[in-house]
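Peer 1: I'd like to ask you about the structure that follows.
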There are 2 protein chains.
Amino acid sequence: MTAEQIKLKLKQLKSQSGSHSPSIGTMLSEIPSLQIKIDACFLSNPYATDLFMEKIKILSSSKKMRDILEFYPPQNYDVAKNVAKIIKIDSDNIFVGNGAIEVIQAAMHNFAGNKIALPIPTFSSYYEFKTNSSDVFYYQLDKRNDYSLNINDYISYIKNNNCDTAILINPNNPTGEYIPKKDLNYFLQSLKDLELIIIDESFIHFAYEDEHLQLSKNESLIYKYPNLVIVKSMSKDFGIAGIRAGYGIMNKDRVKKLVSNGYLWNVSGLCDYFFSAYGEKEFQEKYEYERKRYILDTISFVDDLSKITGLKVYKTKANFVLLEILKSKITSFDLVVELLVEKGIYLRDCSDKIGLEGEFVRIASRSKEENIEIIKAIDEFSKQYLLN
Amino acid sequence: MTAEQIKLKLKQLKSQSGSHSPSIGTMLSEIPSLQIKIDACFLSNPYATDLFMEKIKILSSSKKMRDILEFYPPQNYDVAKNVAKIIKIDSDNIFVGNGAIEVIQAAMHNFAGNKIALPIPTFSSYYEFKTNSSDVFYYQLDKRNDYSLNINDYISYIKNNNCDTAILINPNNPTGEYIPKKDLNYFLQSLKDLELIIIDESFIHFAYEDEHLQLSKNESLIYKYPNLVIVKSMSKDFGIAGIRAGYGIMNKDRVKKLVSNGYLWNVSGLCDYFFSAYGEKEFQEKYEYERKRYILDTISFVDDLSKITGLKVYKTKANFVLLEILKSKITSFDLVVELLVEKGIYLRDCSDKIGLEGEFVRIASRSKEENIEIIKAIDEFSKQYLLN
């Protein structure tokens, strides 16, 4: 297939899949000659993957690998004990999930009320996972304010609509906006009477409030606010999406309800193995180094992107950045196709994200070397398409 | 720790893990001096584990291992395609679960009605996973008939109680009783108007209807009975409980409902890798050999157990056998602790199983060599405790 034929085929696949982008799997099976050199759709810390791979190499050469595959892993609350050691929260308040997505599903299906407030644009699972008995109240973030969240306005919206459930993704996806701890506190304090507040911290390991890049820790808020569920994803922070590991922090009764009603054996052997490593001080110290290294790389990546003309780079404290194509003659999807076919770099087209107005792509920060490649390609693209 | 201290600690752990036995991991971490030589609690085919370990060795030495850990696995319906190849059922009718337990949970939470009929004794998750809005109608299997199921009587019970949901575990756990295909057909035909019928075939790979030990295949019944959900566990058949892999076969609308409402990314990289192997003809052929080998071992194991006096061995077509201690001066739990601490052999105490009257243990068939050890130990025990 020539480059032109591939582009045509990709556009055809897109038109077949409605407002959604075709998945990588579909693309690769329909276009076997397609080469993805850099997957900048994929939101994870590659240095952390390297770190865990060291553990896996040791495991693979030992007898323990067989045990991990053959035997039933420990039950949920046993795995929670390893998490508890690190986050200094009682293990009874920790629900380990088969990925953060299971925590979201479990919370939405078991604890959400009838009226769910959700700021958009955001991660689609929150509206997709609602039950039939509940309605989602979409709180549109204002483009004129760069889609940033005005806490007081969101609180008023929740109260005015008598919502009993509120969701906050922090940092938000795809905007990357981070809500600082003091605002979060104020938000929770103002909404103490709600049945459920989900704070999704899937990307919080990449956020920071000071120049030391200290990890933002909000875990202990669950003791103060019994309606709060904090969602944590390990996929992004630790670069291990294939293992499916996440956890939720919430009041004990809720953990108990989930564990006794269907979520007792949801942890795989490898997920348990990951959380054993997670519970080790030495592993955490090494991880902390890789976390900061990746944040610094991301900061300079975003900085370099900002220098490219014709693009608007949204302020981010996540490991990705939302990019608006300002003076484009082509759509965001065409940009994605162009970069994929010409450079092997795959970005996330955002044309399926509800609540975004305009042409947007989301770019993940990858390794330093890959980020340089991405910058080079987008710069080239901008000269070719955006300014003529 | 002395043997007496270990015995005490074991009793404490048991009371902490509810109606299930404490996992081996938990026991070993709490009692490091405990030696489990043979885990005859553990219901899986050890020869099948050997088979999959060959695949894992190849994986561990290749770059693919990193991909499996780092990247998001395919979505549920893509993994279902590998299952579809082997069971000859449309992939739209297959829901892949994070272990059979997730299929059970998803079916109980999403499709069960208000009145659930359940024969007891059986696997406890079926009553533990019911939602608040439903009641369980316990259909007591008659001890005078060796807890075997009278299909007509069960059907009458379901109809007389206006149950809208019925569960059948085939072979049943812990009795091991197998319901032949023709009775199953009759059961489904008689209960066509129910909202949901779950047939749990977690142990069906160990059952047979003829001397060729042909695998019992009931999958295509879902086309005839839209209310039917068939549950399949890979943990037992393929000896890979640590991976968490199972699937459900059901009508398309139900699969669609689950996948679109919370169960889309529930498959881990390793689970996907297992199902790729599962989809290979060569792997299936090798597996078929190990399946039959294991059944033959199990038949002679049960036969040997039957010769020990003081015990009643229940008829089984599963990979385990229910054993009643007839003339015991000690309880089933004491027997389990005794064999564990003195011989390193771990059996499943059934004192927590509702619907069983008397002192029962369940013993899994393990490898031929291990089965010989188990027989020797129980024979010794019987001479020591049961006949004096």
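Naming scheme: A, B, ... for chains in displayed order of the structure tokens; residues 1 onward per chain; ligands 1 onward as shown.
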Should the cut-off be 9 Å, what would the residue list for chain B against chain A look like, counting only C-alpha atoms, as a PyMOL selection string?
Peer 2: chain B and resi 17+22-26+42+44+46+49-50+53+56-57+60-61+65-74+78+98-99+101-102+104-106+109+125+128-131+235+238-244+260-270
Peer 1: With only C-alpha atoms as the counted atoms, please give the residues lying no more than 7 Å from B:Lys312, apart from itself and same-chain residues fewer than 6 positions off, as a list of chain:residue names.
Peer 2: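 Using only C-alpha atoms, the neighbours found are B:Leu323, B:Glu324, B:Ile325, B:Leu326.
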Peer 1: Take the selection from the previous step and output its residues with N, CA and C atoms, as a PDB file, in the first residue's frame.
Peer 2:
ATOM      1  N   LEU B 323     -16.144 -36.334  50.701  1.00  0.00           N
ATOM      2  CA  LEU B 323     -15.842 -37.449  51.590  1.00  0.00           C
ATOM      3  C   LEU B 323     -16.523 -37.198  52.920  1.00  0.00           C
ATOM      4  N   GLU B 324     -17.292 -38.143  53.358  1.00  0.00           N
ATOM      5  CA  GLU B 324     -17.949 -37.982  54.656  1.00  0.00           C
ATOM      6  C   GLU B 324     -17.226 -38.855  55.677  1.00  0.00           C
ATOM      7  N   ILE B 325     -16.926 -38.252  56.815  1.00  0.00           N
ATOM      8  CA  ILE B 325     -16.251 -38.999  57.876  1.00  0.00           C
ATOM      9  C   ILE B 325     -17.351 -39.642  58.715  1.00  0.00           C
ATOM     10  N   LEU B 326     -17.443 -40.955  58.614  1.00  0.00           N
ATOM     11  CA  LEU B 326     -18.611 -41.623  59.205  1.00  0.00           C
ATOM     12  C   LEU B 326     -18.485 -41.887  60.701  1.00  0.00           C
TER      13      LEU B 326
END
Peer 1: Using only C-alpha atoms, which residue out of B:Gly113, B:Tyr147, B:Leu215, B:Phe137 lies closest to B:Pro174?
Peer 2: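 Looking only at the distances to B:Pro174, the closest residue turns out to be B:Tyr147.
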Peer 1: If DSSP is run on the backbone, what residues of stretch 123-225 of chain A are helix (DSSP H, G or I)? A reply as a short mmCIF file (atom, residue, chain, number, x, y, z; two decimals) with C-alpha atoms, in the first residue's frame would be ideal.
Peer 2:
data_model
loop_
_atom_site.label_atom_id
_atom_site.label_comp_id
_atom_site.auth_asym_id
_atom_site.auth_seq_id
_atom_site.Cartn_x
_atom_site.Cartn_y
_atom_site.Cartn_z
CA SER A 125 -16.43 5.85 31.07
CA TYR A 126 -18.12 8.04 33.64
CA TYR A 127 -21.18 8.53 31.51
CA GLU A 128 -20.94 5.15 29.80
CA LYS A 143 -13.78 27.11 26.30
CA ARG A 144 -13.30 30.84 26.91
CA ASN A 145 -11.57 29.86 30.16
CA ILE A 151 -14.92 25.26 41.63
CA ASN A 152 -17.61 27.62 42.92
CA ASP A 153 -19.49 27.51 39.68
CA TYR A 154 -19.38 23.70 39.60
CA ILE A 155 -20.61 23.54 43.21
CA SER A 156 -23.53 25.84 42.34
CA TYR A 157 -24.36 23.71 39.32
CA ILE A 158 -24.42 20.59 41.50
CA LYS A 159 -26.63 22.22 44.12
CA ASN A 160 -28.97 23.93 41.65
CA LYS A 181 -5.42 20.46 47.35
CA LYS A 182 -6.98 23.54 48.96
CA ASP A 183 -9.66 23.81 46.26
CA LEU A 184 -10.34 20.11 46.56
CA ASN A 185 -10.85 20.48 50.30
CA TYR A 186 -13.23 23.34 49.75
CA PHE A 187 -15.14 21.33 47.14
CA LEU A 188 -15.57 18.36 49.50
CA GLN A 189 -16.47 20.59 52.43
CA SER A 190 -19.18 22.29 50.36
CA ILE A 204 -2.06 12.54 39.97
CA HIS A 205 1.43 11.02 40.03
CA PHE A 206 2.33 13.44 37.25
CA LEU A 221 -9.53 13.06 53.05
CA ILE A 222 -11.58 9.86 53.01
CA TYR A 223 -11.50 9.87 56.83
CA LYS A 224 -13.07 13.31 56.86
#
Peer 1: Could you list, as a PyMOL selection string, every residue within 12 Å of B:Pro121, counting only C-alpha atoms and ignoring same-chain residues fewer than 4 positions away?
Peer 2: chain B and resi 125-127+138-143+146-149+168-169+172-177+322+350-357+360
Peer 1: Of the candidates B:Tyr247, B:Ser202, B:Ile179, B:Lys14, which shows the shortest atom-to-atom distance to B:Val336, using only C-alpha atoms?
Peer 2: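 Checking each candidate against B:Val336, we get B:Lys14 as the closest.
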Peer 1: From a DSSP pass on the backbone, collect the residues of stretch 16-217 of chain B flagged as strand (DSSP E) and hand them back as a PyMOL selection string.
Peer 2: chain B and resi 38-39+94-97+115-120+135-140+165-169+196-200
Peer 1: Rounded to one decimal place, report the atom CA of B:Glu369-atom CA of B:Leu213 distance in Å.
Peer 2: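 Computed distance, atom CA of B:Glu369 to atom CA of B:Leu213, equals 22.0 Å.
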Peer 1: Using only C-alpha atoms, which of A:Phe320, A:Phe95, A:Phe381, A:Tyr278 sits nearest A:Pro171?
Peer 2: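 For A:Pro171, the nearest of the candidates is A:Phe320.
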Peer 1: Which residue, B:Ile116, B:Tyr178, B:Asn319, B:Ile167, has the smallest gap to B:Tyr294 when you use only C-alpha atoms?
Peer 2: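 When distances to B:Tyr294 are compared using only C-alpha atoms, the smallest one comes from B:Asn319.
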Peer 1: For B:Phe301, work out the shell of residues within 7 Å, counting only C-alpha atoms and skipping chain neighbours fewer than 4 positions away, then give it as a list in words.
Peer 2: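 Surrounding residues, per the criterion: Asp297, Leu305, Ser365 and Asn371 of chain B.
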Peer 1: So that I have them on file, write out the residues from the current selection with N, CA and C atoms, as a CSV table (one decimal), in the first residue's frame.
Peer 2:
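File out-v3.csv, as written:
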chain,number,residue,atom,x,y,z
B,297,ASP,N,-6.6,-40.5,35.9
B,297,ASP,CA,-5.9,-40.5,37.2
B,297,ASP,C,-7.0,-40.3,38.3
B,305,LEU,N,-9.7,-44.3,47.1
B,305,LEU,CA,-10.3,-43.7,48.3
B,305,LEU,C,-11.5,-44.5,48.8
B,365,SER,N,-8.3,-34.1,43.2
B,365,SER,CA,-7.3,-35.0,42.6
B,365,SER,C,-6.2,-34.1,42.1
B,371,ASN,N,-1.5,-38.0,44.4
B,371,ASN,CA,-2.7,-38.7,44.8
B,371,ASN,C,-2.3,-40.0,45.6
Peer 1: Residues at most 12 Å from A:Leu8, counting only C-alpha atoms, excluding those fewer than 3 positions away in the same chain, as a PyMOL selection string?
Peer 2: chain A and resi 1-5+11-15+31+334+337-338+341
Peer 1: Taking only C-alpha atoms into account, which of B:Glu342, B:Glu211, B:Asp379, B:Asp304 comes nearest B:Ile6?
Peer 2: B:Glu342
Peer 1: Work out how far apart atom CA of B:Leu340 and atom CA of B:Val361 are and give it in Å to one decimal.
Peer 2: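 Separating atom CA of B:Leu340 from atom CA of B:Val361 is a distance of 12.9 Å.
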Peer 1: With distances taken over only C-alpha atoms, which of A:Asp193, A:Glu209, A:Glu373, A:Leu118 is nearest to A:Ala166?
Peer 2: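 Result for the nearest residue to A:Ala166: A:Leu118.
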